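S.K.: File name entry_17.cif; file contents mmCIF, C-alpha atoms; full text below.
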```cif
data_upload
loop_
_atom_site.label_atom_id
_atom_site.label_comp_id
_atom_site.auth_asym_id
_atom_site.auth_seq_id
_atom_site.Cartn_x
_atom_site.Cartn_y
_atom_site.Cartn_z
CA MET A 1 -52.86 -187.69 54.03
CA PRO A 2 -50.86 -189.43 56.77
CA VAL A 3 -49.37 -192.79 55.87
CA GLN A 4 -51.70 -195.45 57.36
CA ASN A 5 -50.15 -198.81 58.14
CA ARG A 6 -50.47 -200.85 61.34
CA ALA A 7 -46.92 -202.14 61.27
CA PHE A 8 -45.68 -198.62 60.63
CA GLU A 9 -47.78 -197.22 63.48
CA ALA A 10 -46.34 -199.79 65.88
CA GLU A 11 -42.82 -198.95 64.76
CA THR A 12 -43.29 -195.24 65.38
CA GLN A 13 -44.23 -195.62 69.03
CA ALA A 14 -40.51 -195.38 69.79
CA LYS A 15 -38.95 -192.13 70.99
CA PRO A 16 -38.53 -189.62 68.11
CA ARG A 17 -35.04 -189.46 66.64
CA ARG A 18 -33.52 -186.11 67.60
CA PHE A 19 -31.60 -183.87 65.20
CA VAL A 20 -29.32 -181.21 66.65
CA PHE A 21 -28.88 -178.35 64.15
CA VAL A 22 -25.73 -176.33 64.89
CA LEU A 23 -26.18 -172.96 63.18
CA LEU A 24 -22.76 -171.53 62.34
CA PRO A 25 -22.31 -167.80 61.65
CA GLU A 26 -23.52 -166.82 58.15
CA PHE A 27 -25.09 -170.25 57.59
CA SER A 28 -27.05 -171.03 54.43
CA LEU A 29 -30.76 -170.61 55.07
CA LEU A 30 -31.76 -172.87 52.17
CA SER A 31 -29.60 -175.79 53.30
CA PHE A 32 -30.91 -175.56 56.86
CA SER A 33 -34.59 -175.01 56.06
CA ALA A 34 -34.66 -177.77 53.44
CA ALA A 35 -33.39 -180.30 55.98
CA LEU A 36 -35.77 -179.12 58.70
CA GLU A 37 -38.82 -179.08 56.42
CA ALA A 38 -38.18 -182.68 55.37
CA LEU A 39 -38.31 -183.75 59.04
CA ARG A 40 -41.42 -181.68 59.74
CA ILE A 41 -43.25 -183.15 56.78
CA ALA A 42 -42.24 -186.69 57.75
CA ASN A 43 -43.92 -186.12 61.13
CA ARG A 44 -47.04 -184.81 59.41
CA MET A 45 -47.21 -187.71 56.95
CA ALA A 46 -46.83 -190.23 59.76
CA GLY A 47 -49.38 -188.55 61.97
CA THR A 48 -46.95 -189.00 64.86
CA PRO A 49 -43.57 -187.47 65.79
CA LEU A 50 -40.89 -189.51 64.06
CA TYR A 51 -38.33 -186.77 64.57
CA SER A 52 -37.59 -183.94 66.95
CA TRP A 53 -34.99 -181.20 66.69
CA VAL A 54 -33.20 -178.48 68.58
CA LEU A 55 -31.37 -175.40 67.33
CA THR A 56 -28.04 -174.59 68.90
CA SER A 57 -24.92 -172.55 68.31
CA GLU A 58 -21.77 -171.37 70.01
CA GLY A 59 -22.70 -168.51 72.32
CA GLY A 60 -25.61 -166.13 72.24
CA GLU A 61 -29.33 -166.69 72.10
CA THR A 62 -29.74 -166.20 68.36
CA ALA A 63 -27.96 -167.22 65.16
CA ARG A 64 -27.99 -165.18 61.97
CA CYS A 65 -27.94 -166.69 58.48
CA SER A 66 -26.18 -165.23 55.45
CA ALA A 67 -29.47 -163.62 54.33
CA GLY A 68 -29.61 -161.66 57.59
CA ALA A 69 -32.53 -163.44 59.26
CA ALA A 70 -32.03 -164.32 62.95
CA PHE A 71 -33.20 -167.53 64.64
CA ASN A 72 -33.85 -168.07 68.33
CA LEU A 73 -31.80 -170.93 69.75
CA ASP A 74 -33.00 -173.66 72.10
CA CYS A 75 -29.66 -174.10 73.86
CA GLU A 76 -25.91 -173.64 73.55
CA LEU A 77 -23.83 -176.64 72.35
CA PRO A 78 -25.50 -179.24 74.56
CA GLU A 79 -24.28 -182.58 75.85
CA LEU A 80 -25.64 -185.22 73.49
CA THR A 81 -26.65 -188.87 73.50
CA ARG A 82 -25.52 -191.63 71.17
CA ASP A 83 -28.86 -191.58 69.33
CA ASP A 84 -28.67 -187.88 68.41
CA VAL A 85 -27.81 -186.74 64.88
CA VAL A 86 -25.70 -183.57 64.69
CA LEU A 87 -26.04 -181.46 61.55
CA LEU A 88 -23.69 -178.50 61.26
CA CYS A 89 -25.16 -175.79 59.04
CA GLY A 90 -22.44 -173.83 57.26
CA GLY A 91 -22.34 -171.04 54.73
CA LEU A 92 -20.01 -168.09 54.23
CA ASP A 93 -16.53 -167.78 55.79
CA ILE A 94 -16.60 -171.34 57.07
CA ALA A 95 -12.94 -171.36 58.14
CA ASP A 96 -13.55 -168.39 60.45
CA ALA A 97 -16.74 -169.99 61.77
CA THR A 98 -14.80 -173.11 62.75
CA THR A 99 -13.55 -172.04 66.17
CA LYS A 100 -11.41 -173.88 68.68
CA ARG A 101 -14.36 -174.26 71.03
CA LEU A 102 -16.57 -175.69 68.29
CA MET A 103 -13.92 -178.23 67.32
CA ASN A 104 -13.42 -179.31 70.92
CA TRP A 105 -17.17 -179.82 71.31
CA LEU A 106 -17.35 -181.82 68.07
CA ARG A 107 -14.47 -184.07 69.08
CA ARG A 108 -15.87 -184.68 72.52
CA GLU A 109 -19.35 -185.53 71.29
CA ALA A 110 -18.00 -187.64 68.41
CA ARG A 111 -16.43 -189.97 70.96
CA ARG A 112 -19.96 -191.06 71.88
CA GLY A 113 -20.21 -192.62 68.42
CA LEU A 114 -23.13 -190.54 67.21
CA THR A 115 -23.84 -189.50 63.64
CA MET A 116 -22.50 -186.12 62.54
CA GLY A 117 -23.00 -184.26 59.29
CA GLY A 118 -22.13 -181.02 57.57
CA LEU A 119 -24.57 -179.14 55.34
CA CYS A 120 -23.28 -176.86 52.56
CA THR A 121 -19.76 -175.83 53.64
CA ALA A 122 -19.86 -177.32 57.15
CA SER A 123 -17.98 -180.49 56.20
CA TRP A 124 -14.98 -178.13 56.44
CA SER A 125 -15.63 -177.88 60.20
CA LEU A 126 -15.86 -181.66 60.55
CA ALA A 127 -12.63 -182.08 58.60
CA GLU A 128 -10.88 -179.40 60.66
CA ALA A 129 -11.83 -181.35 63.79
CA GLY A 130 -10.33 -184.51 62.26
CA LEU A 131 -13.69 -186.26 62.02
CA LEU A 132 -13.56 -186.96 58.29
CA ASP A 133 -10.08 -188.51 58.15
CA GLY A 134 -10.22 -191.54 55.88
CA LYS A 135 -13.85 -190.81 55.00
CA ARG A 136 -15.61 -189.85 51.79
CA ALA A 137 -17.20 -186.41 51.89
CA THR A 138 -18.47 -183.54 49.76
CA ILE A 139 -18.68 -179.77 50.07
CA HIS A 140 -20.11 -176.91 48.02
CA TRP A 141 -18.25 -176.69 44.70
CA GLU A 142 -16.90 -173.21 45.44
CA ASN A 143 -14.96 -174.64 48.39
CA GLN A 144 -13.63 -177.78 46.75
CA ASP A 145 -10.21 -176.41 45.74
CA GLY A 146 -9.45 -175.10 49.20
CA PHE A 147 -10.78 -178.25 50.88
CA GLU A 148 -8.58 -180.53 48.79
CA GLU A 149 -5.46 -178.56 49.72
CA GLU A 150 -6.33 -178.32 53.44
CA PHE A 151 -7.54 -181.87 54.02
CA PRO A 152 -5.72 -184.38 51.77
CA GLU A 153 -6.64 -187.18 54.19
CA VAL A 154 -10.34 -186.80 53.25
CA GLU A 155 -11.61 -188.44 50.06
CA LEU A 156 -13.44 -185.49 48.54
CA THR A 157 -16.15 -186.20 45.97
CA LYS A 158 -18.34 -184.02 43.77
CA SER A 159 -21.53 -185.78 44.89
CA VAL A 160 -24.62 -183.88 46.01
CA PHE A 161 -24.36 -185.70 49.34
CA VAL A 162 -22.29 -188.43 50.95
CA ALA A 163 -23.16 -190.82 53.76
CA ASP A 164 -20.02 -192.68 54.85
CA GLY A 165 -20.80 -194.62 58.00
CA ASN A 166 -21.81 -192.15 60.69
CA ARG A 167 -20.46 -189.15 58.79
CA LEU A 168 -22.75 -187.17 56.48
CA SER A 169 -22.08 -184.23 54.17
CA THR A 170 -23.95 -182.28 51.52
CA ALA A 171 -22.96 -179.85 48.78
CA GLY A 172 -25.50 -177.25 49.90
CA GLY A 173 -28.78 -175.90 48.59
CA THR A 174 -31.41 -178.52 47.85
CA ALA A 175 -28.91 -181.34 48.45
CA SER A 176 -30.16 -181.25 52.06
CA ILE A 177 -33.46 -182.64 50.80
CA ASP A 178 -31.76 -185.56 49.08
CA LEU A 179 -29.80 -186.44 52.22
CA MET A 180 -32.85 -186.21 54.48
CA LEU A 181 -34.95 -188.33 52.13
CA LYS A 182 -32.27 -191.01 52.29
CA LEU A 183 -32.23 -190.90 56.10
CA ILE A 184 -36.03 -191.02 56.23
CA ALA A 185 -36.08 -193.97 53.83
CA ASP A 186 -33.47 -195.77 55.95
CA ASP A 187 -35.50 -195.16 59.11
CA HIS A 188 -39.07 -195.62 57.87
CA GLY A 189 -39.02 -196.97 54.33
CA ALA A 190 -39.16 -195.68 50.78
CA ASP A 191 -42.92 -195.03 50.88
CA MET A 192 -42.47 -192.49 53.65
CA ALA A 193 -39.56 -190.80 51.86
CA ASN A 194 -41.59 -190.61 48.65
CA ALA A 195 -44.54 -189.12 50.53
CA VAL A 196 -42.24 -186.41 51.90
CA ALA A 197 -40.80 -185.76 48.42
CA ASP A 198 -44.31 -185.39 47.00
CA GLN A 199 -45.21 -182.81 49.64
CA LEU A 200 -42.04 -180.88 48.76
CA ILE A 201 -42.93 -181.04 45.04
CA TYR A 202 -39.55 -182.74 44.69
CA SER A 203 -39.98 -184.94 41.65
CA SER A 204 -36.39 -186.04 41.03
CA ILE A 205 -34.74 -187.53 44.12
CA ARG A 206 -30.96 -187.66 43.73
CA THR A 207 -28.59 -190.26 45.18
CA ASP A 208 -24.99 -190.03 46.31
CA GLN A 209 -24.04 -191.01 42.76
CA ASP A 210 -25.32 -187.69 41.39
CA THR A 211 -22.85 -184.82 41.06
CA GLN A 212 -23.54 -181.30 42.28
CA ARG A 213 -22.60 -179.44 39.11
CA LEU A 214 -23.25 -179.98 35.46
CA SER A 215 -20.20 -181.06 33.53
CA THR A 216 -18.25 -178.18 32.03
CA PRO A 217 -19.36 -178.95 28.45
CA THR A 218 -23.02 -179.07 29.52
CA ARG A 219 -22.74 -176.00 31.73
CA ILE A 220 -21.27 -173.77 29.04
CA GLY A 221 -23.24 -175.24 26.19
CA VAL A 222 -20.37 -177.05 24.48
CA ARG A 223 -21.42 -180.05 22.45
CA HIS A 224 -18.18 -180.91 20.63
CA PRO A 225 -16.77 -184.14 22.19
CA LYS A 226 -13.11 -183.37 21.48
CA LEU A 227 -13.38 -179.90 22.94
CA ALA A 228 -15.04 -181.40 26.02
CA GLN A 229 -12.13 -183.84 26.31
CA VAL A 230 -9.57 -181.03 26.13
CA ILE A 231 -11.38 -179.01 28.81
CA LYS A 232 -11.41 -182.05 31.10
CA MET A 233 -7.65 -182.48 30.56
CA MET A 234 -7.08 -178.82 31.41
CA GLU A 235 -9.12 -179.08 34.60
CA GLY A 236 -7.13 -182.14 35.65
CA ASN A 237 -3.72 -180.56 35.02
CA ILE A 238 -3.69 -177.20 36.79
CA GLU A 239 -0.39 -177.57 38.66
CA GLU A 240 1.50 -178.68 35.55
CA PRO A 241 -0.24 -177.12 32.52
CA ILE A 242 -0.13 -178.91 29.18
CA SER A 243 0.69 -176.95 26.06
CA PRO A 244 -2.06 -176.40 23.47
CA ALA A 245 0.01 -178.36 20.93
CA LEU A 246 0.08 -181.43 23.18
CA LEU A 247 -3.60 -181.08 24.06
CA ALA A 248 -4.46 -180.95 20.38
CA ARG A 249 -2.27 -183.96 19.60
CA ASP A 250 -3.84 -186.02 22.40
CA VAL A 251 -7.33 -185.61 20.90
CA GLY A 252 -6.19 -186.14 17.33
CA MET A 253 -6.38 -182.64 15.87
CA SER A 254 -4.05 -179.84 14.87
CA THR A 255 -3.31 -176.83 17.05
CA ARG A 256 -5.04 -174.63 14.49
CA GLN A 257 -8.20 -176.79 14.68
CA LEU A 258 -8.18 -176.56 18.46
CA GLU A 259 -7.82 -172.79 18.29
CA ARG A 260 -10.83 -172.58 15.98
CA LEU A 261 -12.94 -174.76 18.29
CA PHE A 262 -12.19 -172.58 21.31
CA ARG A 263 -12.91 -169.40 19.37
CA ARG A 264 -16.19 -170.79 18.06
CA TYR A 265 -17.57 -172.20 21.32
CA LEU A 266 -15.84 -170.13 24.03
CA ASN A 267 -14.77 -166.94 22.27
CA ARG A 268 -11.23 -167.20 23.59
CA SER A 269 -8.01 -169.04 22.81
CA PRO A 270 -7.09 -172.35 24.50
CA LYS A 271 -4.24 -170.56 26.26
CA ARG A 272 -6.57 -167.87 27.60
CA TYR A 273 -9.19 -170.37 28.76
CA TYR A 274 -6.51 -172.45 30.52
CA MET A 275 -5.14 -169.34 32.23
CA GLU A 276 -8.61 -168.43 33.51
CA LEU A 277 -9.03 -171.92 34.99
CA ARG A 278 -5.71 -171.62 36.80
CA LEU A 279 -6.44 -168.12 38.09
CA GLN A 280 -9.89 -169.18 39.34
CA LYS A 281 -8.32 -172.00 41.33
CA ALA A 282 -5.68 -169.59 42.65
CA ARG A 283 -8.36 -167.21 43.85
CA ASN A 284 -10.20 -170.05 45.59
CA LEU A 285 -7.01 -171.08 47.38
CA LEU A 286 -6.21 -167.51 48.42
CA MET A 287 -9.69 -166.99 49.84
CA GLN A 288 -10.19 -170.40 51.44
CA THR A 289 -6.81 -171.62 52.71
CA ASP A 290 -3.77 -170.52 54.70
CA MET A 291 -1.38 -171.28 51.82
CA SER A 292 1.26 -168.65 51.11
CA VAL A 293 1.01 -166.72 47.86
CA ILE A 294 4.14 -168.51 46.63
CA ASN A 295 2.63 -171.93 47.27
CA VAL A 296 -0.64 -170.90 45.63
CA ALA A 297 1.33 -169.82 42.57
CA LEU A 298 3.12 -173.16 42.38
CA ALA A 299 -0.09 -175.13 42.91
CA CYS A 300 -1.63 -173.35 39.92
CA GLY A 301 1.26 -173.84 37.52
CA PHE A 302 3.09 -170.51 37.82
CA ALA A 303 6.88 -170.78 37.90
CA SER A 304 7.41 -167.48 39.72
CA PRO A 305 5.40 -165.29 42.11
CA SER A 306 6.05 -162.23 39.93
CA HIS A 307 4.50 -163.86 36.85
CA PHE A 308 1.59 -165.08 38.95
CA SER A 309 1.01 -161.61 40.37
CA LYS A 310 1.15 -160.02 36.92
CA CYS A 311 -1.41 -162.47 35.48
CA TYR A 312 -3.63 -162.19 38.55
CA ARG A 313 -3.67 -158.39 38.40
CA ALA A 314 -4.51 -158.42 34.69
CA HIS A 315 -7.50 -160.71 35.28
CA TYR A 316 -8.85 -159.53 38.66
CA GLN A 317 -7.56 -155.93 38.78
CA THR A 318 -5.85 -156.60 42.11
CA THR A 319 -2.80 -158.46 43.32
CA PRO A 320 -2.84 -161.83 45.12
CA TYR A 321 -1.52 -160.09 48.24
CA ARG A 322 -4.34 -157.54 48.28
CA GLU A 323 -6.88 -160.28 47.59
CA ARG A 324 -5.63 -162.06 50.65
CA GLY A 325 -5.71 -158.83 52.62
CA THR A 326 -2.19 -159.19 53.98
CA LEU A 327 1.41 -159.32 52.77
CA GLY A 328 1.59 -163.02 53.42
CA ALA A 329 -0.46 -165.99 54.44
CA LYS A 330 -3.39 -165.80 56.81
CA PRO A 331 -2.40 -166.34 60.43
CA PRO A 332 -2.82 -170.02 61.29
CA ARG A 333 -5.85 -171.00 63.35
CA GLU A 334 -5.29 -172.34 66.82
CA GLU A 335 -5.12 -176.09 67.21
CA GLY A 336 -7.70 -177.69 69.45
#
```
Please re-express this file's structure in structure tokens.

M.R.:
Amino acid sequence: MPVQNRAFEAETQAKPRRFVFVLLPEFSLLSFSAALEALRIANRMAGTPLYSWVLTSEGGETARCSAGAAFNLDCELPELTRDDVVLLCGGLDIADATTKRLMNWLRREARRGLTMGGLCTASWSLAEAGLLDGKRATIHWENQDGFEEEFPEVELTKSVFVADGNRLSTAGGTASIDLMLKLIADDHGADMANAVADQLIYSSIRTDQDTQRLSTPTRIGVRHPKLAQVIKMMEGNIEEPISPALLARDVGMSTRQLERLFRRYLNRSPKRYYMELRLQKARNLLMQTDMSVINVALACGFASPSHFSKCYRAHYQTTPYRERGTLGAKPPREEG
């Protein structure tokens, strides 16, 4: 049933707050639809239009999501007002989707002082345009390694969403719901946000203090505290790996005990597990950044490109150069 409250009804006589959804190529359907549904339901619960929205993109009359569905657009990158909220909807190949024209539009509209956000991977586009410098932000966990290397001036977090002033970002998926519920609560109170959550059957509303992934020990089923501590140390020391002997010493056990723990819980040696962590980060950097293969090797703790290539081939059955698709770094994108 619509929320009935005289004071609330008087408040909602104002012009609906407009959201401008910018659908980037290969955008995530879940991130977009979750945000849009929260606004639609808020209007239904209020019995009056609290929010309006338009769908836009760069060029063309339709935008296609990563699942292949196409959406009709209302307009093409419009001129905005200060009260508009821009939400970029990202997904696959976000670096390629971040064009010079898009960045110029973002920079121009940002000068009006309006609120801008990136859903899923689209905080990459905001960062590329320089709109997250000095801000806290988040991005889907698969893109975190590349983002950290490309945008050191942004304070990247692992939160499900971040609202830092007039800059918003989410980690993707259902995190759009959490962000929209916060915005709805800020605009119209917690009762309205809770009513929307109930309609979405969303029983556990997350805050910006919640992280987007389970901790490594929880995710892989590890319950041994010392093993969890070692894994955390490994994850925090990719560029300069720590020897298993030192890792064992730092948690108060012998190297042999550490070996047994890894075999029991992870079915691999500490050295092998550490190598897989480093190679996974290397693959992320190769796929997501313009770093040269040599610099990727160094960033992941490999002293020489030849050793890096040998380890990479053994694990992924291809070389770093073939993974990148060229015999060097990706060509740099044009500056806006």

S.K.: If the PyMOL selection byres ((chain A and resi 173-186) around 7) were run on this exact file, what residues would it hold? Put them as a PyMOL selection string.

M.R.: chain A and resi 30-31+34-35+38+119-120+160-161+170-172+187-190+192-193+205-207

S.K.: The PyMOL selection byres ((chain A and resi 223-239) around 10) on the file shown: which residues, as a PyMOL selection string?

M.R.: chain A and resi 215-218+220-222+240-244+247-248+250-253+258+261-262+265+270+273-275+277-279+281-282+296-303

S.K.: Could you tell me which residues the PyMOL selection byres ((chain A and resi 309) around 12) returns for this structure, as a list in words?

M.R.: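 Checked against the file, the PyMOL selection byres ((chain A and resi 309) around 12) matches Leu279, Ala282, Arg283, Val293, Ile294, Val296, Ala297, Leu298, Phe302, Ala303, Ser304, Pro305, Ser306, His307, Phe308, Lys310, Cys311, Tyr312, Arg313, Ala314, His315, Tyr316, Gln317, Thr318, Thr319, Pro320, Tyr321, Arg322 and Glu323 of chain A.
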
S.K.: Might you pull out every residue within 9 Å of A:Leu114, with all atoms listed in the file counted and same-chain residues fewer than 4 positions away left off, and present them as a list in words?

M.R.: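 Non-adjacent residues within range: Leu80, Thr81, Arg82, Asp83, Asp84, Val85, Val86, Glu109, Ala110, Asn166 and Arg167 of chain A.
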
S.K.: Would you mind telling me which residue in A:Met116, A:Ala42, A:Ala67, A:Ala197 lies nearest to A:Val162 when using only C-alpha atoms?

M.R.: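 Answer, going by the shortest atom-to-atom distance: A:Met116.
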
S.K.: Return as lines of an AutoDock Vina configuration file the centre and edge lengths, in Å with one decimal, of the box along x, y and z that encloses every atom of stretch 43-61 of chain A in the file, padded by 3 Å per side.

M.R.:
```
center_x = -35.6
center_y = -178.2
center_z = 64.6
size_x = 33.6
size_y = 30.1
size_z = 21.4
```

S.K.: Could you work out how far atom CA of A:Gly47 lies from atom CA of A:Ile201, giving the answer in Å with one decimal?

M.R.: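 These atoms are spaced 19.6 Å apart.
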
S.K.: To one decimal in Å, tell me the separation between atom CA of A:Leu77 and atom CA of A:Leu55.

M.R.: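 Computing it gives 9.1 Å between the two atoms.
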
S.K.: Can you work out the spacing between atom CA of A:Cys89 and atom CA of A:Val54 in Å, to one decimal?

M.R.: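 Distance reported for this atom pair: 12.8 Å.
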
S.K.: Tell me which of A:Arg101, A:Glu76, A:Phe71, A:Val20 sits closest to A:Thr115, counting all atoms listed in the file.

M.R.: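 Nearest to A:Thr115: A:Val20.
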
S.K.: May I ask which of the residues A:Thr289, A:Asp74, A:Asp191, A:Leu246 is the closest one to A:Asp145, counting only C-alpha atoms?

M.R.: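 Nearest to A:Asp145: A:Thr289.
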
S.K.: Given the point (-19.5, -177.2, 66.5) in the coordinates of this file, which residues lie within 10 Å, counting only C-alpha atoms, and how would they look as a list of chain:residue names?

M.R.: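 In the file's frame, the residues around the point are A:Phe21, A:Val22, A:Leu23, A:Leu24, A:Thr56, A:Ser57, A:Glu58, A:Leu77, A:Val86, A:Leu87, A:Leu88, A:Cys89, A:Ala97, A:Thr98, A:Thr99, A:Lys100, A:Arg101, A:Leu102, A:Met103, A:Asn104, A:Trp105, A:Leu106, A:Arg107, A:Glu109, A:Ala122, A:Ser125, A:Leu126, A:Ala129.
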
S.K.: Restricting the calculation to all atoms listed in the file, which member of A:Gly59, A:Ala127, A:Pro16, A:Asp208 is positioned closest to A:Thr157?

M.R.: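 Counting all atoms listed in the file, the residue closest to A:Thr157 is A:Asp208.
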
S.K.: Restricting the calculation to only C-alpha atoms, which member of A:Gly117, A:Gly90, A:Gly165, A:Gly146 is positioned closest to A:Phe32?

M.R.: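 Comparing A:Gly117, A:Gly90, A:Gly165, A:Gly146 against A:Phe32, the winner is A:Gly90.
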